[in-house]
Amino acid sequence: MTPVVLVEGNDPTLVGEAVDKAIGELLGGEDRTLALEDYEGDEVDLAAVADSCLTPPLLVSRRVIVVRSAGRYNTEDVEPLLRYLEDPLPTTSLVLAGGGGQTAPKLVAVAKAKGIVVSTTVDARQAGDWLADRLGHASVRLDRDAQNLVRSHLGEDVSGVVGLLELLEAAYGPGAKLGPGEVEVYLGEAGSVTPWAFTDAIDAGDAASALGVLHRMLGAGGRHPLVVLSILARHVAGLMRVDSPAISTEAEAAVAMGIAPGRSTFPAKKALRAARQWGSANIAEAIGLVADADADLKGASSWPGEAVLEVLVARLCRLARATPAARGGHRGAIPAVRR
């Protein structure tokens, strides 16, 4: 028996899925009603949990003890578990589910030394590969168009595929071959998207796509308007830093943007290309528009935050797609009723 399994991650769906998988593997077919104890809630006494871990199995060969939201407990709280894990019972496995905060460092260290640490975190840049793997190994078979529909719909909220695939299996049965029509009715609300999908749409001057991404960031993504504005502020600031006759290479742009040596310079390459497309006058105007929107979001305007951002995004897209002859136009104020 593995003494302790710690499941970490920033997505409750993926953490929960990994915990369920660990429980199933550790139980090994034993009766769950006799072999499993699951602790969750604000009133959990970890001293009592440690005592339970020391209890020998009855009518089964092993026991699995689960503690949910382990991040809610500080170092002092987890002392009973640390003492138990100094000499764990060989017939007990303790499963710690991350969540509720940062797991106590001492508990993480003990889990690494004496058990298994499972990370469920999916980096945004790896999300595409992770999602492709999940879809490829699903019990239902989605054709290419259906897979593309799922990718577009979920955006960066890739963990939504877990519940979606369960729904599709329940509806159509294992092994079913599905197209977009069968999948679409189960998709629900569109997920959030990555920040660079937002700024790429703006750089392309595609107002319809950029506004669509904006609404997903504010809706399913749950981002506050000021957080979205900070994404735009960083983007136009990056354009300004590389907008210089002295900067002509990706490496020079990376230095101007403060990218540390050894890190990917791809963002610098994108910024340099975009800056040349925008032109100096339009970049300067974009800086002013972002500053105006910042003031509006902080009380200078009576408009709701979403409306302020919609106007800003539309104007930034106009600047990005402006022809050279049209660049450097007049910067007008958002026509809001001032307080």
# chains A, B, ... in the order shown; residues from 1 in each chain; ligands from 1

call {"tool": "residues_around", "arguments": {"residues": "stretch 305-311 of chain A", "least_positions_apart": "5", "cutoff": "7 Å", "atoms": "only C-alpha atoms", "output": "MDAnalysis selection string"}}
result
chainID A and resid 211 225 293 297

call {"tool": "residues_around", "arguments": {"residues": "A:Lys106", "least_positions_apart": "5", "cutoff": "9 Å", "atoms": "only C-alpha atoms", "output": "PDB file with C-alpha atoms, in the first residue's frame"}}
result
ATOM      1  CA  THR A  75       1.384  23.594   9.198  1.00  0.00           C
ATOM      2  CA  VAL A  78      -1.445  19.036   9.796  1.00  0.00           C
ATOM      3  CA  LEU A  82       2.839  14.448   9.909  1.00  0.00           C
ATOM      4  CA  ALA A 111       4.223  13.143   0.495  1.00  0.00           C
TER       5      ALA A 111
END

call {"tool": "residues_around", "arguments": {"residues": "stretch 146-162 of chain A", "least_positions_apart": "6", "cutoff": "8 Å", "atoms": "only C-alpha atoms", "output": "VMD selection string"}}
result
chain A and resid 11 13 to 14 124 127 to 128 131 134 to 135 178 to 181 183 to 184 187 190 to 194

call {"tool": "residues_around", "arguments": {"residues": "stretch 196-208 of chain A", "least_positions_apart": "4", "cutoff": "9 Å", "atoms": "only C-alpha atoms", "output": "list in words"}}
result
Gly212, Val213, Leu214, Met217, Ile231, Leu232, His235, Ala274, Gln277, Trp278, Val313, Ala314, Arg315, Leu316, Cys317, Arg318, Leu319, Ala320, Arg321 and Ala322 of chain A

call {"tool": "select_by_dssp", "arguments": {"residues": "stretch 35-213 of chain A", "states": "strand (DSSP E)", "output": "JSON, numbers by chain"}}
result
{"A": [36, 37, 38, 39, 63, 64, 65, 66, 67, 92, 93, 94, 95, 96, 97, 116, 117, 118, 119, 141, 142, 177, 178]}

call {"tool": "write_last_selection", "arguments": {"atoms": "C-alpha atoms", "output": "mmCIF file, in the first residue's frame"}}
result
data_model
loop_
_atom_site.group_PDB
_atom_site.id
_atom_site.type_symbol
_atom_site.label_atom_id
_atom_site.label_comp_id
_atom_site.auth_asym_id
_atom_site.auth_seq_id
_atom_site.Cartn_x
_atom_site.Cartn_y
_atom_site.Cartn_z
ATOM 1 C CA LEU A 36 -13.129 3.907 2.456
ATOM 2 C CA GLU A 37 -13.454 6.948 4.730
ATOM 3 C CA ASP A 38 -13.867 10.334 3.081
ATOM 4 C CA TYR A 39 -13.419 13.559 5.104
ATOM 5 C CA ARG A 63 -8.282 1.001 4.137
ATOM 6 C CA VAL A 64 -8.217 4.269 2.196
ATOM 7 C CA ILE A 65 -8.616 7.568 4.073
ATOM 8 C CA VAL A 66 -9.369 10.688 2.000
ATOM 9 C CA VAL A 67 -9.000 14.296 3.148
ATOM 10 C CA THR A 92 -3.722 2.264 5.175
ATOM 11 C CA SER A 93 -3.355 4.727 2.309
ATOM 12 C CA LEU A 94 -3.964 8.412 3.001
ATOM 13 C CA VAL A 95 -5.191 10.411 0.004
ATOM 14 C CA LEU A 96 -4.903 14.198 0.234
ATOM 15 C CA ALA A 97 -6.898 16.219 -2.288
ATOM 16 C CA ILE A 116 3.174 9.892 -4.586
ATOM 17 C CA VAL A 117 2.431 13.479 -5.635
ATOM 18 C CA VAL A 118 0.085 13.782 -8.605
ATOM 19 C CA SER A 119 -0.095 17.123 -10.418
ATOM 20 C CA ARG A 141 -15.357 8.634 -30.950
ATOM 21 C CA LEU A 142 -15.659 12.257 -32.110
ATOM 22 C CA LYS A 177 -19.220 7.712 -33.398
ATOM 23 C CA LEU A 178 -20.317 11.342 -33.079
#

call {"tool": "atom_distance", "arguments": {"atom1": "atom CA of A:Gly16", "atom2": "atom CA of A:Asp77"}}
result
22.5 Å

call {"tool": "select_by_dssp", "arguments": {"residues": "stretch 122-285 of chain A", "states": "helix (DSSP H, G or I)", "output": "ChimeraX atom specification"}}
result
/A:124-136,144-154,160-172,180-184,195-203,207-218,225-242,250-256,266-278,280-285

call {"tool": "atom_distance", "arguments": {"atom1": "atom CA of A:Val44", "atom2": "atom CA of A:Thr103"}}
result
15.6 Å

call {"tool": "residues_around", "arguments": {"residues": "A:Ala246", "least_positions_apart": "6", "cutoff": "12 Å", "atoms": "only C-alpha atoms", "output": "NGL selection string"}}
result
:A and (252-253 or 255-256 or 272)

call {"tool": "write_last_selection", "arguments": {"atoms": "C-alpha atoms", "output": "CSV table (one decimal), in the first residue's frame"}}
result
chain,number,residue,atom,x,y,z
A,252,GLU,CA,16.8,42.8,-29.5
A,253,ALA,CA,13.0,42.9,-29.0
A,255,VAL,CA,15.9,42.5,-24.4
A,256,ALA,CA,13.6,45.6,-24.8
A,272,LEU,CA,7.9,43.2,-33.1

call {"tool": "atom_distance", "arguments": {"atom1": "atom CA of A:Glu79", "atom2": "atom CA of A:Ala50"}}
result
9.6 Å

call {"tool": "residues_around", "arguments": {"residues": "stretch 27-32 of chain A", "least_positions_apart": "2", "cutoff": "8 Å", "atoms": "only C-alpha atoms", "output": "ChimeraX atom specification"}}
result
/A:23-25,34-36,60-64

call {"tool": "write_last_selection", "arguments": {"atoms": "N, CA and C atoms", "output": "compact mmCIF listing (two decimals), in the first residue's frame"}}
result
# COMPACT_ATOMS: atom_id res chain seq x y z
N ILE A 23 -8.30 6.58 -5.61
CA ILE A 23 -9.09 5.78 -4.67
C ILE A 23 -9.39 4.41 -5.27
N GLY A 24 -9.81 4.39 -6.53
CA GLY A 24 -10.13 3.12 -7.18
C GLY A 24 -8.94 2.18 -7.24
N GLU A 25 -7.76 2.74 -7.57
CA GLU A 25 -6.55 1.91 -7.66
C GLU A 25 -6.13 1.40 -6.29
N LEU A 34 -16.76 -0.47 3.49
CA LEU A 34 -15.94 -0.94 4.62
C LEU A 34 -14.52 -0.40 4.59
N ALA A 35 -14.02 -0.12 3.40
CA ALA A 35 -12.60 0.21 3.27
C ALA A 35 -12.33 1.69 3.07
N LEU A 36 -13.35 2.50 2.81
CA LEU A 36 -13.13 3.91 2.46
C LEU A 36 -13.73 4.84 3.49
N VAL A 60 -11.91 -6.39 5.59
CA VAL A 60 -11.25 -6.06 4.33
C VAL A 60 -9.75 -6.11 4.57
N SER A 61 -8.97 -6.06 3.49
CA SER A 61 -7.52 -6.18 3.64
C SER A 61 -6.81 -4.84 3.71
N ARG A 62 -7.51 -3.77 3.40
CA ARG A 62 -6.88 -2.45 3.36
C ARG A 62 -7.90 -1.36 3.63
N ARG A 63 -7.41 -0.15 3.92
CA ARG A 63 -8.28 1.00 4.14
C ARG A 63 -7.71 2.21 3.40
N VAL A 64 -8.60 3.03 2.89
CA VAL A 64 -8.22 4.27 2.20
C VAL A 64 -8.91 5.42 2.91

call {"tool": "closest_residue", "arguments": {"among": "A:Ile283, A:Ala271, A:Val7, A:Leu239", "to": "A:Arg68", "atoms": "only C-alpha atoms"}}
result
A:Val7

call {"tool": "closest_residue", "arguments": {"among": "A:Leu54, A:Asn10, A:Gly41, A:Asp145", "to": "A:Gln102", "atoms": "only C-alpha atoms"}}
result
A:Asn10

call {"tool": "closest_residue", "arguments": {"among": "A:Val5, A:Thr55, A:Asp129, A:Gly262", "to": "A:Lys21", "atoms": "only C-alpha atoms"}}
result
A:Val5

call {"tool": "closest_residue", "arguments": {"among": "A:Ile287, A:Ala104, A:Leu46, A:Leu218", "to": "A:Arg83", "atoms": "only C-alpha atoms"}}
result
A:Leu46
